[in-house]
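For reference, start-v2.txt is printed below; it contains compact mmCIF, N, CA and C atoms.
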```txt
# COMPACT_ATOMS: atom_id res chain seq x y z
N GLN A 1 20.70 -10.78 87.58
CA GLN A 1 20.87 -10.22 88.91
C GLN A 1 22.14 -9.38 88.94
N LEU A 2 21.99 -8.14 89.43
CA LEU A 2 23.14 -7.26 89.52
C LEU A 2 24.04 -7.71 90.66
N GLN A 3 25.32 -7.73 90.39
CA GLN A 3 26.27 -8.17 91.42
C GLN A 3 27.62 -7.51 91.19
N VAL A 4 28.29 -7.15 92.28
CA VAL A 4 29.68 -6.70 92.22
C VAL A 4 30.47 -7.50 93.24
N VAL A 5 31.68 -7.89 92.87
CA VAL A 5 32.53 -8.70 93.73
C VAL A 5 33.90 -8.05 93.81
N GLU A 6 34.34 -7.77 95.04
CA GLU A 6 35.66 -7.16 95.25
C GLU A 6 36.70 -8.26 95.42
N SER A 7 37.93 -7.94 95.03
CA SER A 7 39.07 -8.82 95.27
C SER A 7 40.32 -7.98 95.29
N GLY A 8 41.41 -8.58 95.77
CA GLY A 8 42.70 -7.91 95.73
C GLY A 8 43.18 -7.36 97.05
N GLY A 9 42.38 -7.49 98.09
CA GLY A 9 42.82 -7.01 99.39
C GLY A 9 43.92 -7.88 99.96
N GLY A 10 44.48 -7.44 101.06
CA GLY A 10 45.54 -8.21 101.71
C GLY A 10 46.35 -7.34 102.63
N LEU A 11 47.55 -7.81 102.92
CA LEU A 11 48.47 -7.11 103.81
C LEU A 11 49.52 -6.40 102.99
N ALA A 12 49.74 -5.15 103.31
CA ALA A 12 50.79 -4.37 102.64
C ALA A 12 51.57 -3.59 103.70
N GLN A 13 52.81 -3.32 103.40
CA GLN A 13 53.63 -2.50 104.28
C GLN A 13 53.36 -1.03 104.02
N PRO A 14 53.58 -0.18 105.00
CA PRO A 14 53.48 1.26 104.75
C PRO A 14 54.36 1.66 103.57
N GLY A 15 53.79 2.45 102.68
CA GLY A 15 54.50 2.84 101.47
C GLY A 15 54.30 1.89 100.32
N GLY A 16 53.67 0.76 100.58
CA GLY A 16 53.44 -0.24 99.55
C GLY A 16 52.21 0.02 98.73
N SER A 17 51.88 -0.95 97.88
CA SER A 17 50.75 -0.81 96.95
C SER A 17 49.90 -2.06 96.95
N LEU A 18 48.64 -1.84 96.61
CA LEU A 18 47.69 -2.92 96.36
C LEU A 18 46.76 -2.45 95.25
N ARG A 19 46.23 -3.40 94.49
CA ARG A 19 45.21 -3.05 93.49
C ARG A 19 43.96 -3.87 93.77
N LEU A 20 42.88 -3.16 94.02
CA LEU A 20 41.60 -3.81 94.24
C LEU A 20 40.82 -3.87 92.93
N SER A 21 40.05 -4.92 92.78
CA SER A 21 39.19 -5.09 91.60
C SER A 21 37.74 -5.18 92.04
N CYS A 22 36.87 -4.63 91.21
CA CYS A 22 35.43 -4.70 91.43
C CYS A 22 34.83 -5.25 90.14
N ALA A 23 34.52 -6.54 90.14
CA ALA A 23 33.99 -7.19 88.94
C ALA A 23 32.47 -7.14 88.96
N ALA A 24 31.90 -6.61 87.89
CA ALA A 24 30.46 -6.45 87.80
C ALA A 24 29.85 -7.54 86.94
N SER A 25 28.69 -8.00 87.33
CA SER A 25 27.94 -8.97 86.52
C SER A 25 26.46 -8.62 86.57
N GLY A 26 25.77 -8.99 85.49
CA GLY A 26 24.35 -8.69 85.43
C GLY A 26 24.03 -7.31 84.90
N PHE A 27 25.06 -6.50 84.60
CA PHE A 27 24.85 -5.18 84.04
C PHE A 27 26.14 -4.74 83.37
N THR A 28 26.03 -3.73 82.51
CA THR A 28 27.23 -3.20 81.87
C THR A 28 27.63 -1.90 82.58
N LEU A 29 28.93 -1.74 82.77
CA LEU A 29 29.46 -0.61 83.52
C LEU A 29 29.04 0.74 82.96
N GLU A 30 28.87 0.83 81.63
CA GLU A 30 28.70 2.13 81.02
C GLU A 30 27.42 2.83 81.46
N HIS A 31 26.50 2.13 82.09
CA HIS A 31 25.26 2.74 82.53
C HIS A 31 25.24 3.00 84.04
N PHE A 32 26.41 2.88 84.65
CA PHE A 32 26.47 2.96 86.09
C PHE A 32 27.63 3.84 86.56
N ALA A 33 27.50 4.33 87.77
CA ALA A 33 28.63 4.88 88.51
C ALA A 33 29.08 3.81 89.50
N ILE A 34 30.39 3.69 89.65
CA ILE A 34 30.96 2.74 90.59
C ILE A 34 31.72 3.51 91.65
N GLY A 35 31.41 3.23 92.89
CA GLY A 35 32.09 3.88 94.00
C GLY A 35 32.89 2.87 94.81
N TRP A 36 34.01 3.32 95.31
CA TRP A 36 34.80 2.55 96.27
C TRP A 36 34.64 3.22 97.63
N PHE A 37 34.38 2.41 98.64
CA PHE A 37 34.16 2.89 99.99
C PHE A 37 35.04 2.07 100.94
N ARG A 38 35.25 2.61 102.13
CA ARG A 38 35.98 1.83 103.14
C ARG A 38 35.38 2.11 104.51
N GLN A 39 35.51 1.13 105.36
CA GLN A 39 35.05 1.28 106.73
C GLN A 39 36.04 0.62 107.67
N ALA A 40 36.60 1.41 108.54
CA ALA A 40 37.52 0.92 109.57
C ALA A 40 36.73 0.66 110.84
N PRO A 41 37.24 -0.20 111.71
CA PRO A 41 36.53 -0.50 112.96
C PRO A 41 36.23 0.76 113.76
N GLY A 42 34.99 0.91 114.15
CA GLY A 42 34.60 2.05 114.97
C GLY A 42 34.43 3.35 114.21
N LYS A 43 34.54 3.31 112.88
CA LYS A 43 34.44 4.53 112.09
C LYS A 43 33.28 4.43 111.10
N GLU A 44 32.87 5.60 110.63
CA GLU A 44 31.81 5.65 109.62
C GLU A 44 32.37 5.20 108.27
N ARG A 45 31.47 4.72 107.44
CA ARG A 45 31.86 4.38 106.07
C ARG A 45 32.26 5.65 105.33
N GLU A 46 33.33 5.56 104.57
CA GLU A 46 33.88 6.71 103.85
C GLU A 46 33.93 6.41 102.36
N GLU A 47 33.45 7.33 101.55
CA GLU A 47 33.61 7.19 100.11
C GLU A 47 35.03 7.55 99.75
N VAL A 48 35.71 6.67 99.07
CA VAL A 48 37.12 6.84 98.73
C VAL A 48 37.28 7.38 97.32
N ALA A 49 36.56 6.81 96.38
CA ALA A 49 36.68 7.21 94.98
C ALA A 49 35.42 6.80 94.24
N CYS A 50 35.18 7.48 93.13
CA CYS A 50 33.99 7.19 92.35
C CYS A 50 34.29 7.46 90.88
N ILE A 51 33.66 6.69 90.01
CA ILE A 51 33.82 6.89 88.58
C ILE A 51 32.47 6.70 87.89
N SER A 52 32.18 7.60 86.97
CA SER A 52 31.03 7.42 86.09
C SER A 52 31.55 6.94 84.75
N VAL A 53 31.21 5.72 84.40
CA VAL A 53 31.64 5.20 83.11
C VAL A 53 30.95 5.96 81.99
N PHE A 54 29.74 6.47 82.24
CA PHE A 54 28.95 7.15 81.22
C PHE A 54 29.57 8.48 80.81
N ASN A 55 29.96 9.30 81.82
CA ASN A 55 30.47 10.63 81.47
C ASN A 55 31.95 10.82 81.74
N GLY A 56 32.59 9.77 82.29
CA GLY A 56 34.03 9.82 82.49
C GLY A 56 34.49 10.57 83.72
N ARG A 57 33.58 11.07 84.53
CA ARG A 57 33.97 11.84 85.71
C ARG A 57 34.58 10.93 86.79
N LEU A 58 35.54 11.52 87.51
CA LEU A 58 36.20 10.82 88.61
C LEU A 58 36.13 11.70 89.84
N SER A 59 36.18 11.10 91.00
CA SER A 59 36.32 11.88 92.23
C SER A 59 37.09 11.06 93.25
N TYR A 60 37.78 11.76 94.15
CA TYR A 60 38.56 11.12 95.20
C TYR A 60 38.34 11.85 96.52
N ALA A 61 38.37 11.10 97.60
CA ALA A 61 38.40 11.72 98.91
C ALA A 61 39.74 12.43 99.09
N ASP A 62 39.72 13.51 99.85
CA ASP A 62 40.98 14.25 100.09
C ASP A 62 42.04 13.35 100.73
N SER A 63 41.60 12.40 101.52
CA SER A 63 42.54 11.55 102.26
C SER A 63 43.33 10.61 101.34
N VAL A 64 42.86 10.41 100.11
CA VAL A 64 43.55 9.47 99.20
C VAL A 64 44.01 10.15 97.91
N LYS A 65 43.67 11.41 97.73
CA LYS A 65 44.00 12.11 96.49
C LYS A 65 45.51 12.10 96.28
N GLY A 66 45.91 11.73 95.07
CA GLY A 66 47.33 11.68 94.75
C GLY A 66 47.98 10.33 95.07
N ARG A 67 47.25 9.48 95.78
CA ARG A 67 47.80 8.15 96.13
C ARG A 67 46.98 7.02 95.52
N PHE A 68 45.68 7.21 95.39
CA PHE A 68 44.80 6.18 94.85
C PHE A 68 44.34 6.61 93.45
N THR A 69 44.15 5.62 92.59
CA THR A 69 43.66 5.88 91.23
C THR A 69 42.55 4.89 90.90
N ILE A 70 41.42 5.42 90.47
CA ILE A 70 40.31 4.58 90.04
C ILE A 70 40.32 4.51 88.52
N SER A 71 40.07 3.31 88.01
CA SER A 71 40.07 3.13 86.56
C SER A 71 39.10 2.00 86.20
N LYS A 72 38.87 1.83 84.91
CA LYS A 72 37.90 0.83 84.47
C LYS A 72 38.42 0.07 83.27
N ASP A 73 37.93 -1.13 83.10
CA ASP A 73 38.18 -1.93 81.91
C ASP A 73 36.82 -2.38 81.41
N ASN A 74 36.31 -1.69 80.41
CA ASN A 74 34.97 -2.00 79.92
C ASN A 74 34.88 -3.43 79.40
N ALA A 75 35.94 -3.91 78.77
CA ALA A 75 35.90 -5.26 78.19
C ALA A 75 35.75 -6.32 79.28
N LEU A 76 36.37 -6.07 80.42
CA LEU A 76 36.28 -7.02 81.53
C LEU A 76 35.16 -6.67 82.51
N ASN A 77 34.47 -5.55 82.23
CA ASN A 77 33.38 -5.12 83.11
C ASN A 77 33.86 -5.00 84.55
N THR A 78 35.04 -4.39 84.71
CA THR A 78 35.71 -4.33 86.01
C THR A 78 36.22 -2.92 86.27
N VAL A 79 36.10 -2.49 87.51
CA VAL A 79 36.67 -1.22 87.96
C VAL A 79 37.77 -1.53 88.97
N TYR A 80 38.86 -0.80 88.87
CA TYR A 80 40.02 -1.03 89.73
C TYR A 80 40.25 0.16 90.66
N LEU A 81 40.87 -0.12 91.78
CA LEU A 81 41.35 0.93 92.67
C LEU A 81 42.82 0.63 92.95
N GLN A 82 43.69 1.37 92.30
CA GLN A 82 45.14 1.24 92.53
C GLN A 82 45.49 2.09 93.73
N MET A 83 46.05 1.46 94.74
CA MET A 83 46.37 2.15 95.98
C MET A 83 47.89 2.13 96.17
N ASP A 84 48.50 3.29 96.09
CA ASP A 84 49.94 3.45 96.27
C ASP A 84 50.22 4.26 97.52
N SER A 85 51.47 4.23 97.95
CA SER A 85 51.90 4.98 99.14
C SER A 85 50.96 4.72 100.31
N LEU A 86 50.67 3.47 100.53
CA LEU A 86 49.70 3.11 101.56
C LEU A 86 50.19 3.52 102.95
N LYS A 87 49.21 3.87 103.78
CA LYS A 87 49.47 4.29 105.16
C LYS A 87 48.69 3.38 106.10
N PRO A 88 49.13 3.26 107.33
CA PRO A 88 48.37 2.44 108.29
C PRO A 88 46.91 2.87 108.41
N GLU A 89 46.66 4.15 108.25
CA GLU A 89 45.28 4.64 108.36
C GLU A 89 44.41 4.26 107.17
N ASP A 90 44.98 3.64 106.15
CA ASP A 90 44.20 3.10 105.04
C ASP A 90 43.61 1.73 105.37
N THR A 91 44.00 1.18 106.51
CA THR A 91 43.48 -0.12 106.92
C THR A 91 41.98 -0.06 107.12
N ALA A 92 41.26 -0.94 106.43
CA ALA A 92 39.80 -0.95 106.48
C ALA A 92 39.28 -2.09 105.61
N ILE A 93 37.99 -2.33 105.70
CA ILE A 93 37.33 -3.17 104.71
C ILE A 93 36.90 -2.25 103.57
N TYR A 94 37.25 -2.64 102.36
CA TYR A 94 36.94 -1.84 101.18
C TYR A 94 35.78 -2.50 100.41
N TYR A 95 34.82 -1.68 100.06
CA TYR A 95 33.64 -2.13 99.34
C TYR A 95 33.52 -1.36 98.03
N CYS A 96 32.97 -2.02 97.02
CA CYS A 96 32.55 -1.28 95.85
C CYS A 96 31.03 -1.37 95.74
N ALA A 97 30.47 -0.38 95.09
CA ALA A 97 29.02 -0.31 94.91
C ALA A 97 28.70 0.25 93.54
N ALA A 98 27.56 -0.11 93.02
CA ALA A 98 27.13 0.34 91.70
C ALA A 98 25.78 1.03 91.81
N GLN A 99 25.68 2.15 91.10
CA GLN A 99 24.43 2.92 91.06
C GLN A 99 24.15 3.30 89.61
N PRO A 100 22.93 3.08 89.13
CA PRO A 100 22.62 3.51 87.76
C PRO A 100 22.90 5.01 87.62
N TRP A 101 23.59 5.35 86.54
CA TRP A 101 23.99 6.76 86.37
C TRP A 101 24.14 7.06 84.89
N LEU A 102 23.21 7.83 84.37
CA LEU A 102 23.23 8.20 82.96
C LEU A 102 23.25 9.71 82.78
N SER A 103 23.70 10.42 83.81
CA SER A 103 23.79 11.87 83.71
C SER A 103 25.03 12.26 82.92
N ASP A 104 24.92 13.36 82.15
CA ASP A 104 26.06 13.85 81.39
C ASP A 104 27.08 14.55 82.27
N VAL A 105 26.68 14.90 83.47
CA VAL A 105 27.57 15.65 84.34
C VAL A 105 27.55 15.05 85.74
N GLY A 106 28.64 15.24 86.44
CA GLY A 106 28.66 14.91 87.86
C GLY A 106 28.69 13.44 88.18
N LEU A 107 28.54 13.18 89.47
CA LEU A 107 28.59 11.85 90.04
C LEU A 107 27.51 11.76 91.12
N PRO A 108 27.15 10.55 91.52
CA PRO A 108 26.13 10.43 92.58
C PRO A 108 26.54 11.19 93.83
N SER A 109 25.58 11.82 94.47
CA SER A 109 25.85 12.56 95.70
C SER A 109 25.53 11.74 96.94
N SER A 110 24.86 10.63 96.76
CA SER A 110 24.53 9.78 97.90
C SER A 110 24.42 8.34 97.45
N TRP A 111 24.66 7.45 98.39
CA TRP A 111 24.60 6.01 98.17
C TRP A 111 23.81 5.39 99.32
N ASP A 112 23.03 4.37 99.01
CA ASP A 112 22.26 3.73 100.07
C ASP A 112 22.06 2.24 99.76
N ASP A 113 21.22 1.61 100.54
CA ASP A 113 21.04 0.17 100.42
C ASP A 113 20.34 -0.24 99.13
N ASP A 114 19.76 0.72 98.43
CA ASP A 114 19.14 0.39 97.15
C ASP A 114 20.18 0.16 96.06
N ASP A 115 21.40 0.61 96.32
CA ASP A 115 22.48 0.38 95.37
C ASP A 115 23.00 -1.05 95.52
N THR A 116 23.80 -1.46 94.57
CA THR A 116 24.34 -2.81 94.59
C THR A 116 25.71 -2.80 95.25
N TRP A 117 25.84 -3.52 96.34
CA TRP A 117 27.07 -3.53 97.14
C TRP A 117 27.72 -4.90 97.10
N GLY A 118 29.06 -4.89 97.16
CA GLY A 118 29.78 -6.14 97.31
C GLY A 118 29.96 -6.51 98.78
N GLN A 119 30.63 -7.63 98.99
CA GLN A 119 30.84 -8.14 100.35
C GLN A 119 32.06 -7.51 101.02
N GLY A 120 32.91 -6.89 100.26
CA GLY A 120 34.07 -6.22 100.84
C GLY A 120 35.33 -7.06 100.80
N THR A 121 36.46 -6.38 100.85
CA THR A 121 37.76 -7.05 100.91
C THR A 121 38.63 -6.30 101.92
N GLN A 122 39.30 -7.06 102.77
CA GLN A 122 40.09 -6.46 103.85
C GLN A 122 41.43 -5.96 103.32
N VAL A 123 41.76 -4.74 103.69
CA VAL A 123 43.08 -4.17 103.41
C VAL A 123 43.72 -3.82 104.75
N THR A 124 44.90 -4.35 104.98
CA THR A 124 45.64 -4.08 106.21
C THR A 124 47.02 -3.53 105.84
N VAL A 125 47.32 -2.37 106.39
CA VAL A 125 48.62 -1.75 106.13
C VAL A 125 49.39 -1.72 107.45
N SER A 126 50.42 -2.50 107.51
CA SER A 126 51.17 -2.65 108.75
C SER A 126 52.57 -3.16 108.45
N SER A 127 53.52 -2.74 109.29
CA SER A 127 54.89 -3.25 109.15
C SER A 127 55.08 -4.46 110.04
```
Target encoding structure tokens, full file:
Amino acid sequence: QLQVVESGGGLAQPGGSLRLSCAASGFTLEHFAIGWFRQAPGKEREEVACISVFNGRLSYADSVKGRFTISKDNALNTVYLQMDSLKPEDTAIYYCAAQPWLSDVGLPSSWDDDDTWGQGTQVTVSS
């Protein structure tokens, strides 16, 4: 059974850092794209970052570019989201999702309920 589990959320001060983990089970990362998403109360879900383990492509939302870094550890079958220079507007529930991806180029253009989603981890940025 395909499964992803997020961890690492919590409370951080503005300007602080957190590292989120997305641990995958039931599949190997190299055949999938992993996306990080967030949803704040009253707002639409936003794709924050994405990585294709197969072709090495990365992408970031403009709102986090230069502050967040997505990376992977194939041995641990885990994808990370390093979040630095956190802002109060980064407060949200963060989710990771997995989508089969064996393309040599690009990244998924859409995500839906057919993909494998985690339960989410709360990130709160406040002084």
Return the single residue from A:Thr69, A:Ser59, A:Thr28, A:Ser109 that is closest to Gln3 of chain A, with distances computed using only C-alpha atoms.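 Answer, going by the shortest atom-to-atom distance: A:Thr28.
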Please run DSSP on the backbone and report, as number ranges by chain, all residues within segment 9-84 of chain A that come out as strand (DSSP E or B). A: 10-12, 18-25, 32-39, 46-52, 58-60, 68-73, 78-83
Could you tell me how far atom CA of Ser126 of chain A sits from atom C of Cys50 of chain A, in Å to one decimal place?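 That distance, rounded to one decimal, is 26.6 Å.
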Using Å and a single decimal, report how far atom CA of Met83 of chain A sits from atom N of Phe54 of chain A.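 Atom-to-atom, atom N of Phe54 of chain A and atom CA of Met83 of chain A are spaced 22.0 Å apart.
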Give the answer as one residue: which of A:Ala40, A:Ala12, A:Val48, A:Leu20 has the shortest atom-to-atom distance to Lys65 of chain A, using only C-alpha atoms?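 The shortest atom-to-atom distance to Lys65 of chain A comes from A:Val48.
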Which value, in Å to one decimal, gives the distance between atom CA of Thr124 of chain A and atom CA of Gly15 of chain A?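 Separation between atom CA of Thr124 of chain A and atom CA of Gly15 of chain A: 12.2 Å.
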Using all atoms listed in the file, can you tell me which of A:Ser17, A:Asn77, A:Ser25, A:Asn55 comes closest to Ser103 of chain A?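 The closest residue to Ser103 of chain A is A:Asn55.
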Which residues are close to Pro41 of chain A, i.e. within 8 Å by only N, CA and C atoms, leaving aside same-chain residues fewer than 4 positions away? Reply as a PyMOL selection string. chain A and resi 91-93
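With only C-alpha atoms as the atoms that count, the minimum distance from Glu6 of chain A to the choices A:Thr121, A:Gln39, A:Ser110, A:Gln82 is reached by A:Thr121.
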Selected residue, from A:Ser21, A:Ser127, A:Ser85, A:Gln13, that lies nearest to Gly66 of chain A when counting all atoms listed in the file: A:Ser85
Pick from A:Asp114, A:Gly9, A:Val105, A:Gln99: nearest to Arg38 of chain A, with only C-alpha atoms counted? A:Gly9
